[in-house]
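Pasted below: model_31.pdb, PDB, C-alpha atoms.
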ATOM      1  CA  MET Y  75     -17.494 -32.127  11.203
ATOM      2  CA  ARG Y  76     -14.623 -32.981  13.550
ATOM      3  CA  SER Y  77     -14.236 -36.393  11.898
ATOM      4  CA  ASN Y  78     -14.108 -34.740   8.475
ATOM      5  CA  ASN Y  79     -11.410 -32.313   9.644
ATOM      6  CA  ASN Y  80      -9.371 -35.184  11.085
ATOM      7  CA  ASP Y  81      -9.669 -37.100   7.822
ATOM      8  CA  ASN Y  82      -8.492 -34.055   5.859
ATOM      9  CA  LEU Y  83      -5.560 -33.565   8.231
ATOM     10  CA  GLN Y  84      -4.520 -37.199   7.881
ATOM     11  CA  ALA Y  85      -4.787 -36.899   4.099
ATOM     12  CA  PHE Y  86      -2.603 -33.783   4.138
ATOM     13  CA  LYS Y  87       0.011 -35.512   6.308
ATOM     14  CA  ALA Y  88       0.011 -38.466   3.922
ATOM     15  CA  LEU Y  89       0.589 -36.140   0.960
ATOM     16  CA  VAL Y  90       3.450 -34.378   2.766
ATOM     17  CA  ARG Y  91       5.094 -37.719   3.623
ATOM     18  CA  LYS Y  92       4.727 -38.857   0.026
ATOM     19  CA  GLU Y  93       6.267 -35.649  -1.365
ATOM     20  CA  PHE Y  94       9.084 -35.672   1.208
ATOM     21  CA  THR Y  95       9.900 -39.278   0.299
ATOM     22  CA  ASP Y  96       9.891 -38.388  -3.399
ATOM     23  CA  TYR Y  97      12.360 -35.569  -2.753
ATOM     24  CA  MET Y  98      14.667 -37.774  -0.692
ATOM     25  CA  THR Y  99      14.729 -40.484  -3.389
ATOM     26  CA  SER Y 100      15.205 -38.092  -6.320
ATOM     27  CA  TRP Y 101      18.737 -38.161  -7.722
ATOM     28  CA  ARG Y 102      18.424 -34.517  -8.722
ATOM     29  CA  ILE Y 103      17.766 -33.482  -5.128
ATOM     30  CA  ILE Y 104      20.361 -35.893  -3.706
ATOM     31  CA  ILE Y 105      23.029 -34.388  -5.968
ATOM     32  CA  MET Y 106      22.057 -30.834  -4.975
ATOM     33  CA  LEU Y 107      22.085 -31.714  -1.269
ATOM     34  CA  ALA Y 108      25.467 -33.438  -1.586
ATOM     35  CA  LEU Y 109      26.878 -30.437  -3.453
ATOM     36  CA  ILE Y 110      25.696 -28.012  -0.770
ATOM     37  CA  VAL Y 111      27.012 -30.189   2.075
ATOM     38  CA  LEU Y 112      30.428 -30.693   0.446
ATOM     39  CA  THR Y 113      30.919 -27.025  -0.398
ATOM     40  CA  CYS Y 114      29.853 -25.950   3.085
ATOM     41  CA  VAL Y 115      32.250 -28.468   4.659
ATOM     42  CA  GLY Y 116      35.035 -27.093   2.461
ATOM     43  CA  SER Y 117      34.285 -23.502   3.469
ATOM     44  CA  LEU Y 118      34.123 -24.575   7.127
ATOM     45  CA  TYR Y 119      37.563 -26.181   6.836
ATOM     46  CA  THR Y 120      39.126 -23.006   5.439
ATOM     47  CA  ALA Y 121      37.448 -20.894   8.137
ATOM     48  CA  ILE Y 122      38.617 -23.165  10.965
ATOM     49  CA  THR Y 123      42.148 -23.247   9.536
ATOM     50  CA  SER Y 124      42.316 -19.451   9.386
ATOM     51  CA  ILE Y 125      40.960 -19.036  12.921
ATOM     52  CA  GLN Y 126      43.192 -21.775  14.360
ATOM     53  CA  ASP Y 127      46.293 -20.200  12.821
ATOM     54  CA  ALA Y 128      45.361 -16.830  14.327
ATOM     55  CA  ILE Y 129      44.797 -18.398  17.767
ATOM     56  CA  ASP Y 130      48.068 -20.353  17.669
ATOM     57  CA  ALA Y 131      49.972 -17.194  16.752
ATOM     58  CA  ASN Y 132      48.921 -15.421  19.955
ATOM     59  CA  GLU Y 133      48.772 -16.960  23.423
ATOM     60  CA  GLU Y 134      46.102 -14.500  24.541
ATOM     61  CA  ALA Y 135      44.055 -14.875  21.369
ATOM     62  CA  LYS Y 136      41.731 -17.483  22.868
ATOM     63  CA  GLU Y 137      40.701 -15.160  25.681
ATOM     64  CA  ILE Y 138      40.207 -12.315  23.214
ATOM     65  CA  ALA Y 139      38.189 -14.601  20.929
ATOM     66  CA  LYS Y 140      35.668 -15.379  23.649
ATOM     67  CA  SER Y 141      34.649 -11.726  23.792
ATOM     68  CA  SER Y 142      34.848 -10.828  20.079
ATOM     69  CA  PHE Y 143      32.181 -13.059  18.463
ATOM     70  CA  LEU Y 144      34.873 -15.250  16.924
ATOM     71  CA  PHE Y 145      32.475 -18.194  16.657
ATOM     72  CA  LEU Y 146      30.372 -16.275  14.130
ATOM     73  CA  LYS Y 147      33.400 -15.995  11.853
ATOM     74  CA  LEU Y 148      33.041 -19.708  11.097
ATOM     75  CA  PHE Y 149      30.220 -18.632   8.780
ATOM     76  CA  THR Y 150      31.809 -15.489   7.330
ATOM     77  CA  ILE Y 151      35.609 -15.830   7.176
ATOM     78  CA  SER Y 152      37.661 -17.399   4.377
ATOM     79  CA  ASP Y 153      41.353 -17.774   3.566
ATOM     80  CA  GLY Y 154      40.785 -16.979  -0.105
ATOM     81  CA  THR Y 155      40.948 -20.531  -1.461
ATOM     82  CA  LEU Y 156      37.199 -21.090  -1.060
ATOM     83  CA  PRO Y 157      34.320 -18.664  -0.492
ATOM     84  CA  SER Y 158      32.771 -18.396   2.955
ATOM     85  CA  PHE Y 159      29.781 -20.395   4.217
ATOM     86  CA  ILE Y 160      27.294 -17.577   3.648
ATOM     87  CA  THR Y 161      28.637 -17.024   0.111
ATOM     88  CA  PHE Y 162      27.980 -20.646  -0.775
ATOM     89  CA  VAL Y 163      24.493 -20.487   0.752
ATOM     90  CA  SER Y 164      23.599 -17.312  -1.149
ATOM     91  CA  PHE Y 165      24.798 -18.907  -4.410
ATOM     92  CA  LEU Y 166      23.615 -22.524  -4.119
ATOM     93  CA  GLY Y 167      20.539 -21.968  -1.934
ATOM     94  CA  PRO Y 168      18.410 -20.507  -4.762
ATOM     95  CA  LEU Y 169      19.395 -23.404  -7.027
ATOM     96  CA  LEU Y 170      18.182 -25.853  -4.385
ATOM     97  CA  GLY Y 171      14.874 -23.994  -4.087
ATOM     98  CA  ILE Y 172      14.428 -23.958  -7.859
ATOM     99  CA  ALA Y 173      15.336 -27.657  -8.106
ATOM    100  CA  LEU Y 174      12.668 -28.494  -5.531
ATOM    101  CA  GLY Y 175       9.909 -26.458  -7.160
ATOM    102  CA  PHE Y 176      10.345 -26.132 -10.926
ATOM    103  CA  ASP Y 177       8.516 -29.392 -11.762
ATOM    104  CA  ALA Y 178       6.236 -29.659  -8.738
ATOM    105  CA  ILE Y 179       2.976 -29.437 -10.712
ATOM    106  CA  ASN Y 180       3.709 -29.779 -14.433
ATOM    107  CA  SER Y 181       5.570 -33.089 -13.997
ATOM    108  CA  GLU Y 182       2.532 -34.537 -12.206
ATOM    109  CA  ARG Y 183       0.302 -33.218 -14.981
ATOM    110  CA  ASN Y 184       2.491 -34.670 -17.747
ATOM    111  CA  LYS Y 185       2.631 -38.094 -16.061
ATOM    112  CA  GLY Y 186      -1.135 -38.116 -15.577
ATOM    113  CA  THR Y 187      -0.868 -38.497 -11.797
ATOM    114  CA  LEU Y 188      -2.296 -35.053 -11.045
ATOM    115  CA  SER Y 189      -5.759 -36.011 -12.299
ATOM    116  CA  ARG Y 190      -5.665 -39.145 -10.137
ATOM    117  CA  LEU Y 191      -4.777 -37.031  -7.109
ATOM    118  CA  MET Y 192      -7.635 -34.671  -7.907
ATOM    119  CA  ALA Y 193     -10.006 -37.643  -8.046
ATOM    120  CA  GLN Y 194      -9.316 -38.410  -4.385
ATOM    121  CA  PRO Y 195     -11.700 -37.011  -1.717
ATOM    122  CA  ILE Y 196      -9.302 -34.262  -0.605
ATOM    123  CA  PRO Y 197      -9.357 -30.474  -1.042
ATOM    124  CA  ARG Y 198      -7.694 -29.435  -4.271
ATOM    125  CA  ASP Y 199      -5.264 -27.007  -2.669
ATOM    126  CA  TYR Y 200      -3.799 -29.793  -0.505
ATOM    127  CA  VAL Y 201      -1.710 -30.913  -3.481
ATOM    128  CA  LEU Y 202       0.043 -27.555  -3.833
ATOM    129  CA  ASN Y 203       0.285 -26.980  -0.080
ATOM    130  CA  ALA Y 204       1.777 -30.436   0.507
ATOM    131  CA  LYS Y 205       4.468 -29.917  -2.120
ATOM    132  CA  PHE Y 206       5.476 -26.589  -0.596
ATOM    133  CA  THR Y 207       5.376 -27.958   2.970
ATOM    134  CA  ALA Y 208       7.497 -31.003   2.107
ATOM    135  CA  ALA Y 209      10.102 -28.892   0.293
ATOM    136  CA  LEU Y 210      10.190 -26.358   3.138
ATOM    137  CA  LEU Y 211      10.598 -29.201   5.639
ATOM    138  CA  LEU Y 212      13.528 -30.556   3.632
ATOM    139  CA  ASN Y 213      15.174 -27.113   3.612
ATOM    140  CA  THR Y 214      14.644 -26.767   7.353
ATOM    141  CA  VAL Y 215      16.174 -30.164   8.126
ATOM    142  CA  LEU Y 216      19.140 -29.495   5.833
ATOM    143  CA  PHE Y 217      20.098 -26.077   7.170
ATOM    144  CA  VAL Y 218      19.463 -26.863  10.821
ATOM    145  CA  ALA Y 219      21.715 -29.919  10.406
ATOM    146  CA  LEU Y 220      24.392 -27.859   8.623
ATOM    147  CA  GLY Y 221      24.246 -25.111  11.235
ATOM    148  CA  PHE Y 222      24.622 -27.501  14.160
ATOM    149  CA  MET Y 223      27.369 -29.407  12.329
ATOM    150  CA  VAL Y 224      29.345 -26.180  11.927
ATOM    151  CA  MET Y 225      28.878 -25.349  15.608
ATOM    152  CA  ALA Y 226      29.843 -28.876  16.717
ATOM    153  CA  LEU Y 227      33.021 -28.950  14.636
ATOM    154  CA  GLY Y 228      33.882 -25.434  15.777
ATOM    155  CA  ILE Y 229      33.630 -26.465  19.429
ATOM    156  CA  LEU Y 230      35.618 -29.683  18.898
ATOM    157  CA  ILE Y 231      38.445 -28.148  16.871
ATOM    158  CA  LEU Y 232      38.735 -24.633  18.288
ATOM    159  CA  GLY Y 233      37.769 -25.489  21.844
ATOM    160  CA  ILE Y 234      35.709 -22.280  22.087
ATOM    161  CA  PRO Y 235      31.974 -22.747  22.740
ATOM    162  CA  PRO Y 236      29.524 -20.155  21.391
ATOM    163  CA  THR Y 237      28.040 -17.658  23.792
ATOM    164  CA  GLY Y 238      24.290 -17.469  24.251
ATOM    165  CA  GLU Y 239      24.025 -14.484  21.910
ATOM    166  CA  GLU Y 240      26.183 -16.156  19.253
ATOM    167  CA  PHE Y 241      23.959 -19.244  19.401
ATOM    168  CA  LEU Y 242      20.822 -17.122  18.976
ATOM    169  CA  ARG Y 243      22.400 -15.198  16.089
ATOM    170  CA  ILE Y 244      23.213 -18.470  14.330
ATOM    171  CA  LEU Y 245      19.634 -19.693  14.819
ATOM    172  CA  CYS Y 246      18.304 -16.432  13.356
ATOM    173  CA  PHE Y 247      20.715 -16.836  10.440
ATOM    174  CA  LEU Y 248      19.380 -20.348   9.767
ATOM    175  CA  VAL Y 249      15.792 -19.044   9.818
ATOM    176  CA  LEU Y 250      16.847 -16.346   7.343
ATOM    177  CA  CYS Y 251      18.397 -18.971   5.039
ATOM    178  CA  ILE Y 252      15.166 -20.991   5.092
ATOM    179  CA  ALA Y 253      13.094 -17.881   4.285
ATOM    180  CA  TYR Y 254      15.466 -16.945   1.444
ATOM    181  CA  ILE Y 255      15.297 -20.390  -0.160
ATOM    182  CA  ALA Y 256      11.519 -20.469   0.353
ATOM    183  CA  PHE Y 257      11.264 -17.477  -2.000
ATOM    184  CA  TRP Y 258      13.073 -19.338  -4.784
ATOM    185  CA  LEU Y 259      11.079 -22.474  -4.021
ATOM    186  CA  ASN Y 260       7.806 -20.598  -4.475
ATOM    187  CA  LEU Y 261       9.128 -18.945  -7.625
ATOM    188  CA  GLY Y 262       9.882 -22.403  -9.032
ATOM    189  CA  ILE Y 263       6.408 -23.630  -8.040
ATOM    190  CA  LEU Y 264       4.854 -20.554  -9.688
ATOM    191  CA  PHE Y 265       6.563 -21.305 -13.001
ATOM    192  CA  SER Y 266       5.686 -24.989 -12.592
ATOM    193  CA  VAL Y 267       2.001 -24.054 -12.378
ATOM    194  CA  ARG Y 268       2.229 -21.505 -15.197
ATOM    195  CA  PHE Y 269       4.169 -23.561 -17.772
ATOM    196  CA  LYS Y 270       3.302 -27.049 -18.978
ATOM    197  CA  GLN Y 271       6.864 -28.248 -19.603
ATOM    198  CA  PRO Y 272       9.373 -28.653 -16.723
ATOM    199  CA  ALA Y 273      12.229 -27.504 -18.964
ATOM    200  CA  THR Y 274      10.467 -24.193 -19.619
ATOM    201  CA  SER Y 275       9.726 -23.579 -15.943
ATOM    202  CA  ALA Y 276      13.317 -24.454 -14.993
ATOM    203  CA  LEU Y 277      14.741 -22.052 -17.586
ATOM    204  CA  ALA Y 278      12.390 -19.274 -16.470
ATOM    205  CA  ALA Y 279      13.342 -19.684 -12.801
ATOM    206  CA  ILE Y 280      17.074 -19.859 -13.568
ATOM    207  CA  ALA Y 281      16.747 -16.782 -15.797
ATOM    208  CA  VAL Y 282      15.271 -14.818 -12.875
ATOM    209  CA  TRP Y 283      18.075 -16.069 -10.604
ATOM    210  CA  ILE Y 284      20.772 -15.066 -13.114
ATOM    211  CA  PHE Y 285      19.147 -11.661 -13.592
ATOM    212  CA  PHE Y 286      19.181 -10.828  -9.883
ATOM    213  CA  ASN Y 287      22.554 -12.493  -9.274
ATOM    214  CA  ILE Y 288      24.470 -10.820 -12.107
ATOM    215  CA  PHE Y 289      22.643  -8.291 -14.254
ATOM    216  CA  TYR Y 290      20.514  -6.420 -11.728
ATOM    217  CA  GLN Y 291      23.531  -5.025  -9.889
ATOM    218  CA  MET Y 292      25.020  -3.881 -13.208
ATOM    219  CA  ILE Y 293      21.790  -2.086 -14.108
ATOM    220  CA  VAL Y 294      21.637  -0.309 -10.740
ATOM    221  CA  GLU Y 295      25.304   0.701 -11.022
ATOM    222  CA  LEU Y 296      24.607   2.228 -14.436
ATOM    223  CA  LEU Y 297      21.635   4.143 -13.024
ATOM    224  CA  SER Y 298      23.660   5.269 -10.012
ATOM    225  CA  LYS Y 299      26.153   7.055 -12.262
ATOM    226  CA  SER Y 300      23.452   9.503 -13.294
ATOM    227  CA  ILE Y 301      21.701   9.595  -9.914
ATOM    228  CA  LEU Y 302      24.954  10.273  -8.016
ATOM    229  CA  ASN Y 303      26.447  12.598 -10.617
ATOM    230  CA  PRO Y 304      28.317  15.297  -8.607
ATOM    231  CA  GLU Y 305      27.065  17.999 -10.989
ATOM    232  CA  ASN Y 306      23.458  17.261  -9.977
ATOM    233  CA  ILE Y 307      24.052  17.136  -6.211
ATOM    234  CA  THR Y 308      23.266  20.439  -4.513
ATOM    235  CA  SER Y 309      23.766  19.658  -0.807
ATOM    236  CA  THR Y 310      24.673  16.985   1.721
ATOM    237  CA  VAL Y 311      21.002  16.217   2.290
ATOM    238  CA  ASP Y 312      20.512  15.788  -1.453
ATOM    239  CA  ALA Y 313      23.528  13.458  -1.644
ATOM    240  CA  ILE Y 314      22.192  11.291   1.177
ATOM    241  CA  SER Y 315      18.740  11.229  -0.427
ATOM    242  CA  ARG Y 316      20.174  10.125  -3.771
ATOM    243  CA  GLN Y 317      22.291   7.473  -2.080
ATOM    244  CA  GLY Y 318      19.140   6.225  -0.375
ATOM    245  CA  VAL Y 319      17.408   5.943  -3.761
ATOM    246  CA  VAL Y 320      20.243   3.777  -5.100
ATOM    247  CA  LEU Y 321      20.186   1.659  -1.943
ATOM    248  CA  ASN Y 322      16.425   1.128  -2.209
ATOM    249  CA  LEU Y 323      16.832   0.071  -5.845
ATOM    250  CA  MET Y 324      19.389  -2.525  -4.760
ATOM    251  CA  ARG Y 325      16.971  -3.755  -2.107
ATOM    252  CA  LEU Y 326      14.499  -4.794  -4.791
ATOM    253  CA  SER Y 327      16.796  -7.791  -5.280
ATOM    254  CA  PRO Y 328      16.219 -10.739  -2.902
ATOM    255  CA  ASN Y 329      19.938 -11.531  -3.131
ATOM    256  CA  TYR Y 330      20.834  -8.101  -1.763
ATOM    257  CA  LEU Y 331      18.248  -8.364   1.023
ATOM    258  CA  PHE Y 332      19.733 -11.702   2.063
ATOM    259  CA  THR Y 333      23.300 -10.366   1.949
ATOM    260  CA  GLU Y 334      22.410  -7.313   4.050
ATOM    261  CA  SER Y 335      20.585  -9.422   6.615
ATOM    262  CA  THR Y 336      23.283 -12.070   6.994
ATOM    263  CA  THR Y 337      26.024  -9.453   7.259
ATOM    264  CA  THR Y 338      24.153  -7.692  10.057
ATOM    265  CA  LEU Y 339      23.342 -10.902  11.938
ATOM    266  CA  LEU Y 340      26.795 -12.475  11.736
ATOM    267  CA  SER Y 341      28.789  -9.239  12.110
ATOM    268  CA  PRO Y 342      27.569  -7.489  15.285
ATOM    269  CA  SER Y 343      29.891  -4.559  14.568
ATOM    270  CA  VAL Y 344      27.572  -3.467  11.715
ATOM    271  CA  ARG Y 345      25.548  -0.611  13.192
ATOM    272  CA  SER Y 346      23.815   0.841  10.126
ATOM    273  CA  LEU Y 347      22.682  -0.282   6.671
ATOM    274  CA  GLY Y 348      22.400   3.153   5.103
ATOM    275  CA  PRO Y 349      24.399   6.363   4.659
ATOM    276  CA  LEU Y 350      25.112   8.432   7.780
ATOM    277  CA  THR Y 351      25.989  12.087   8.225
ATOM    278  CA  VAL Y 352      28.837  13.356  10.383
ATOM    279  CA  GLU Y 353      26.288  14.653  12.899
ATOM    280  CA  GLN Y 354      24.771  11.177  13.215
ATOM    281  CA  THR Y 355      28.134   9.548  13.891
ATOM    282  CA  THR Y 356      29.357  12.189  16.332
ATOM    283  CA  GLY Y 357      29.315  10.815  19.857
ATOM    284  CA  ALA Y 358      28.454   7.292  18.738
ATOM    285  CA  ILE Y 359      30.146   4.629  20.851
ATOM    286  CA  ALA Y 360      31.942   2.034  18.759
ATOM    287  CA  GLY Y 361      30.967  -1.478  19.773
ATOM    288  CA  PRO Y 362      28.904  -4.500  18.780
ATOM    289  CA  LEU Y 363      25.146  -4.206  18.633
ATOM    290  CA  PRO Y 364      23.028  -6.486  20.826
ATOM    291  CA  LEU Y 365      20.951  -9.086  19.012
ATOM    292  CA  SER Y 366      17.703  -7.171  19.529
ATOM    293  CA  GLN Y 367      19.117  -4.104  17.756
ATOM    294  CA  SER Y 368      20.530  -6.187  14.901
ATOM    295  CA  LEU Y 369      17.101  -7.775  14.420
ATOM    296  CA  MET Y 370      15.529  -4.323  14.298
ATOM    297  CA  LEU Y 371      17.993  -3.352  11.559
ATOM    298  CA  ILE Y 372      17.157  -6.338   9.357
ATOM    299  CA  TRP Y 373      13.433  -6.509  10.125
ATOM    300  CA  PRO Y 374      12.479  -4.638   6.890
ATOM    301  CA  GLN Y 375      14.702  -6.962   4.833
ATOM    302  CA  LEU Y 376      13.236 -10.087   6.418
ATOM    303  CA  THR Y 377       9.717  -8.723   5.965
ATOM    304  CA  GLY Y 378      10.464  -8.047   2.301
ATOM    305  CA  LEU Y 379      11.707 -11.603   1.725
ATOM    306  CA  ILE Y 380       8.661 -13.105   3.425
ATOM    307  CA  ALA Y 381       6.319 -10.782   1.503
ATOM    308  CA  ALA Y 382       7.905 -11.754  -1.834
ATOM    309  CA  THR Y 383       7.582 -15.420  -0.867
ATOM    310  CA  LEU Y 384       3.906 -15.036   0.015
ATOM    311  CA  ILE Y 385       3.194 -13.115  -3.202
ATOM    312  CA  CYS Y 386       4.724 -15.881  -5.333
ATOM    313  CA  PHE Y 387       2.799 -18.532  -3.404
ATOM    314  CA  ALA Y 388      -0.477 -16.603  -3.650
ATOM    315  CA  ILE Y 389      -0.133 -16.186  -7.430
ATOM    316  CA  SER Y 390       0.698 -19.870  -7.924
ATOM    317  CA  TYR Y 391      -2.199 -20.815  -5.619
ATOM    318  CA  LEU Y 392      -4.694 -18.752  -7.612
ATOM    319  CA  LEU Y 393      -3.424 -20.075 -10.941
ATOM    320  CA  PHE Y 394      -3.545 -23.665  -9.720
ATOM    321  CA  MET Y 395      -7.058 -23.385  -8.289
ATOM    322  CA  ARG Y 396      -8.350 -21.952 -11.577
ATOM    323  CA  GLN Y 397      -6.691 -24.478 -13.868
ATOM    324  CA  GLU Y 398      -8.623 -27.257 -15.496
ATOM    325  CA  ILE Y 399      -7.188 -30.683 -14.698
ATOM    326  CA  ARG Y 400      -7.923 -33.296 -17.350
ATOM    327  CA  SER Y 401      -7.112 -37.001 -17.262
ATOM    328  CA  LYS Y 402      -4.718 -38.204 -19.905
TER     329      LYS Y 402
END
Just dump the structure as structure tokens.
Amino acid sequence: MRSNNNDNLQAFKALVRKEFTDYMTSWRIIIMLALIVLTCVGSLYTAITSIQDAIDANEEAKEIAKSSFLFLKLFTISDGTLPSFITFVSFLGPLLGIALGFDAINSERNKGTLSRLMAQPIPRDYVLNAKFTAALLLNTVLFVALGFMVMALGILILGIPPTGEEFLRILCFLVLCIAYIAFWLNLGILFSVRFKQPATSALAAIAVWIFFNIFYQMIVELLSKSILNPENITSTVDAISRQGVVLNLMRLSPNYLFTESTTTLLSPSVRSLGPLTVEQTTGAIAGPLPLSQSLMLIWPQLTGLIAATLICFAISYLLFMRQEIRSK
């Protein structure tokens, strides 16, 4: 039994290495990775320029910066010429996930290699699991490298090292990016299992991305006009309740969950993600939240992203295990 388990583990590792190598030698993935790296370097340059100008303008600015989470602004600030780092990640990250997953299964089926894989003495689900693991590993390597590159350049150019809490916040942000892209990766894999043609699965995944990125917010804004109509609001409690309904509708979008979470992690001054009454704000001490409190604020958002990712993977897993694989 132990020998059989070891053989299966070695087979799984071999599949992961094969898929990871395929990703790294694919021009489609190389172009996407290069695009993400170049845009992130451009946003980093604009952020460093803005921060350096502010520091040079004030002799005491460097001392103030050490106590004001300035290092986190490398990921959030922009001078207007290019979007910030987190804006690029929220826009290009889903495209990377879709590019990694939209032809994971149907391309193998169309080339006839899937039936040959199934003929090997390995569990059937190893094929799907290996593709997801290899793509997730690629995402992890990419964003950990980008995150540490930003921190290294920030230290070299600004001369201000991150504090322990800033470093932990950046690590949590990188984990959040990986979880966010994993959702779109699993969505691409789901459509790859469901549709026989890669073009169809790619269009379906991009259509979902465009819907949540552009149209979903428009739909919620249209609904909010009737929900938040002043003529229908009877009290302050009713107004807060209606605002909560609109906010919960927005949180059905993975893009909004990611934006809320990154804003809270990289902006410690954010103390709440929902509407507050005057009574709730009375006596509150203005100041940055500790990391533990920020994590408590975004825990529902992170849980929602992970749950959506697992749901997509579970559906694709069930569909794949029930499909009939024929040799061509």
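Nearest residue to Ala381 in chain Y among Y:Ser266, Y:Thr333, Y:Asn260, Y:Ser366 is Y:Asn260, counting only C-alpha atoms.
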Of Y:Gly262, Y:Pro157, Y:Gly228, Y:Gly186, the one nearest to Cys386 in chain Y when counting only C-alpha atoms is Y:Gly262
The residue from Y:Asn303, Y:Gln84, Y:Ser343, Y:Asn329 with the smallest atom-to-atom distance to Pro168 in chain Y, counting all atoms listed in the file, is Y:Asn329
Proximity check range 132-197 of chain Y to range 96-116 of chain Y, 8 Å, nearest pairs one decimal Å, all atoms listed in the file, as a tab-separated table:
residue	atom	partner	partner_atom	distance
Y:Leu156	CA	Y:Gly116	CA	7.3
Y:Phe159	CA	Y:Cys114	CA	5.7
Y:Phe162	CA	Y:Cys114	CA	6.8
Y:Val163	CA	Y:Ile110	CA	7.8
Y:Leu166	CA	Y:Ile110	CA	6.8
Y:Leu170	CA	Y:Met106	CA	6.3
Y:Ala173	CA	Y:Ile103	CA	7.0
Y:Leu174	CA	Y:Ile103	CA	7.1
Pairwise distance, CA of Ile179 in chain Y with CA of Ala208 in chain Y, equals 13.7 Å
Give me, as a PDB file with C-alpha atoms, keeping the file's coordinate frame, all polymer residues having an atom no more than 9 Å from range 240-252 of chain Y, counting all atoms listed in the file and skipping those fewer than 3 positions away in the same chain.
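Writing done, so here's selection.pdb:
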ATOM      1  CA  PHE Y 143      32.181 -13.059  18.463  1.00  0.00           C
ATOM      2  CA  PHE Y 145      32.475 -18.194  16.657  1.00  0.00           C
ATOM      3  CA  LEU Y 146      30.372 -16.275  14.130  1.00  0.00           C
ATOM      4  CA  PHE Y 149      30.220 -18.632   8.780  1.00  0.00           C
ATOM      5  CA  VAL Y 163      24.493 -20.487   0.752  1.00  0.00           C
ATOM      6  CA  SER Y 164      23.599 -17.312  -1.149  1.00  0.00           C
ATOM      7  CA  GLY Y 167      20.539 -21.968  -1.934  1.00  0.00           C
ATOM      8  CA  LEU Y 210      10.190 -26.358   3.138  1.00  0.00           C
ATOM      9  CA  ASN Y 213      15.174 -27.113   3.612  1.00  0.00           C
ATOM     10  CA  THR Y 214      14.644 -26.767   7.353  1.00  0.00           C
ATOM     11  CA  PHE Y 217      20.098 -26.077   7.170  1.00  0.00           C
ATOM     12  CA  VAL Y 218      19.463 -26.863  10.821  1.00  0.00           C
ATOM     13  CA  GLY Y 221      24.246 -25.111  11.235  1.00  0.00           C
ATOM     14  CA  MET Y 225      28.878 -25.349  15.608  1.00  0.00           C
ATOM     15  CA  PRO Y 236      29.524 -20.155  21.391  1.00  0.00           C
ATOM     16  CA  THR Y 237      28.040 -17.658  23.792  1.00  0.00           C
ATOM     17  CA  ILE Y 255      15.297 -20.390  -0.160  1.00  0.00           C
ATOM     18  CA  ALA Y 256      11.519 -20.469   0.353  1.00  0.00           C
ATOM     19  CA  PHE Y 257      11.264 -17.477  -2.000  1.00  0.00           C
ATOM     20  CA  PHE Y 332      19.733 -11.702   2.063  1.00  0.00           C
ATOM     21  CA  SER Y 335      20.585  -9.422   6.615  1.00  0.00           C
ATOM     22  CA  THR Y 336      23.283 -12.070   6.994  1.00  0.00           C
ATOM     23  CA  LEU Y 339      23.342 -10.902  11.938  1.00  0.00           C
ATOM     24  CA  LEU Y 340      26.795 -12.475  11.736  1.00  0.00           C
ATOM     25  CA  LEU Y 365      20.951  -9.086  19.012  1.00  0.00           C
ATOM     26  CA  LEU Y 369      17.101  -7.775  14.420  1.00  0.00           C
ATOM     27  CA  LEU Y 376      13.236 -10.087   6.418  1.00  0.00           C
ATOM     28  CA  LEU Y 379      11.707 -11.603   1.725  1.00  0.00           C
TER      29      LEU Y 379
END
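In terms of minimum interatomic distance to Ala279 in chain Y, Y:Ile172 ranks closest within Y:Ile385, Y:Arg396, Y:Ile172, Y:Lys87, counting all atoms listed in the file.
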For Phe387 in chain Y, the closest of Y:Leu230, Y:Leu118, Y:Leu347, Y:Leu259 counting all atoms listed in the file is Y:Leu259
Taking a cut-off of 12 Å and counting all atoms listed in the file, can you build a table that, for each residue of range 263-324 of chain Y near range 197-203 of chain Y, reports the nearest atom pair and how far apart they are in Å (one decimal), sorted by chain then residue number, as CSV?
residue,atom,partner,partner_atom,distance
Y:Ile263,CA,Y:Leu202,CA,8.6
Y:Leu264,CA,Y:Leu202,CA,10.3
Y:Ser266,CA,Y:Leu202,CA,10.7
Y:Val267,CA,Y:Leu202,CA,9.4
Original post:
Any idea what the distance is between CA of Val282 in chain Y and CA of Leu261 in chain Y?
Top reply: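 Pair CA of Val282 in chain Y / CA of Leu261 in chain Y returns 9.1 Å.
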- Would you work out the distance separating CA of Glu295 in chain Y from CA of Thr383 in chain Y, expressed in Å to one decimal?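 Going from CA of Glu295 in chain Y over to CA of Thr383 in chain Y covers 26.0 Å.
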field: Expected selection from the PyMOL selection byres ((chain Y and resi 320) around 12), given as a PyMOL selection string
entry: chain Y and resi 291+293-302+313-319+321-326+348-349
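Here the question is which of Y:Phe269, Y:Phe176, Y:Phe206, Y:Tyr330 gets nearest to Tyr290 in chain Y using all atoms listed in the file, and that residue is Y:Tyr330.
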Just save range 320-332 of chain Y with C-alpha atoms, as a PDB file, in the first residue's frame.
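Printed below is part-v2.pdb as written:
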ATOM      1  CA  VAL Y 320     -26.676  47.576  -1.960  1.00  0.00           C
ATOM      2  CA  LEU Y 321     -23.273  46.821  -0.440  1.00  0.00           C
ATOM      3  CA  ASN Y 322     -24.052  43.101  -0.216  1.00  0.00           C
ATOM      4  CA  LEU Y 323     -25.143  43.110  -3.865  1.00  0.00           C
ATOM      5  CA  MET Y 324     -21.797  44.644  -4.817  1.00  0.00           C
ATOM      6  CA  ARG Y 325     -20.027  41.965  -2.796  1.00  0.00           C
ATOM      7  CA  LEU Y 326     -21.400  39.275  -5.092  1.00  0.00           C
ATOM      8  CA  SER Y 327     -18.692  40.423  -7.510  1.00  0.00           C
ATOM      9  CA  PRO Y 328     -15.220  38.894  -6.971  1.00  0.00           C
ATOM     10  CA  ASN Y 329     -13.694  42.126  -8.291  1.00  0.00           C
ATOM     11  CA  TYR Y 330     -15.363  44.134  -5.531  1.00  0.00           C
ATOM     12  CA  LEU Y 331     -14.322  41.624  -2.860  1.00  0.00           C
ATOM     13  CA  PHE Y 332     -10.719  41.898  -4.032  1.00  0.00           C
TER      14      PHE Y 332
END
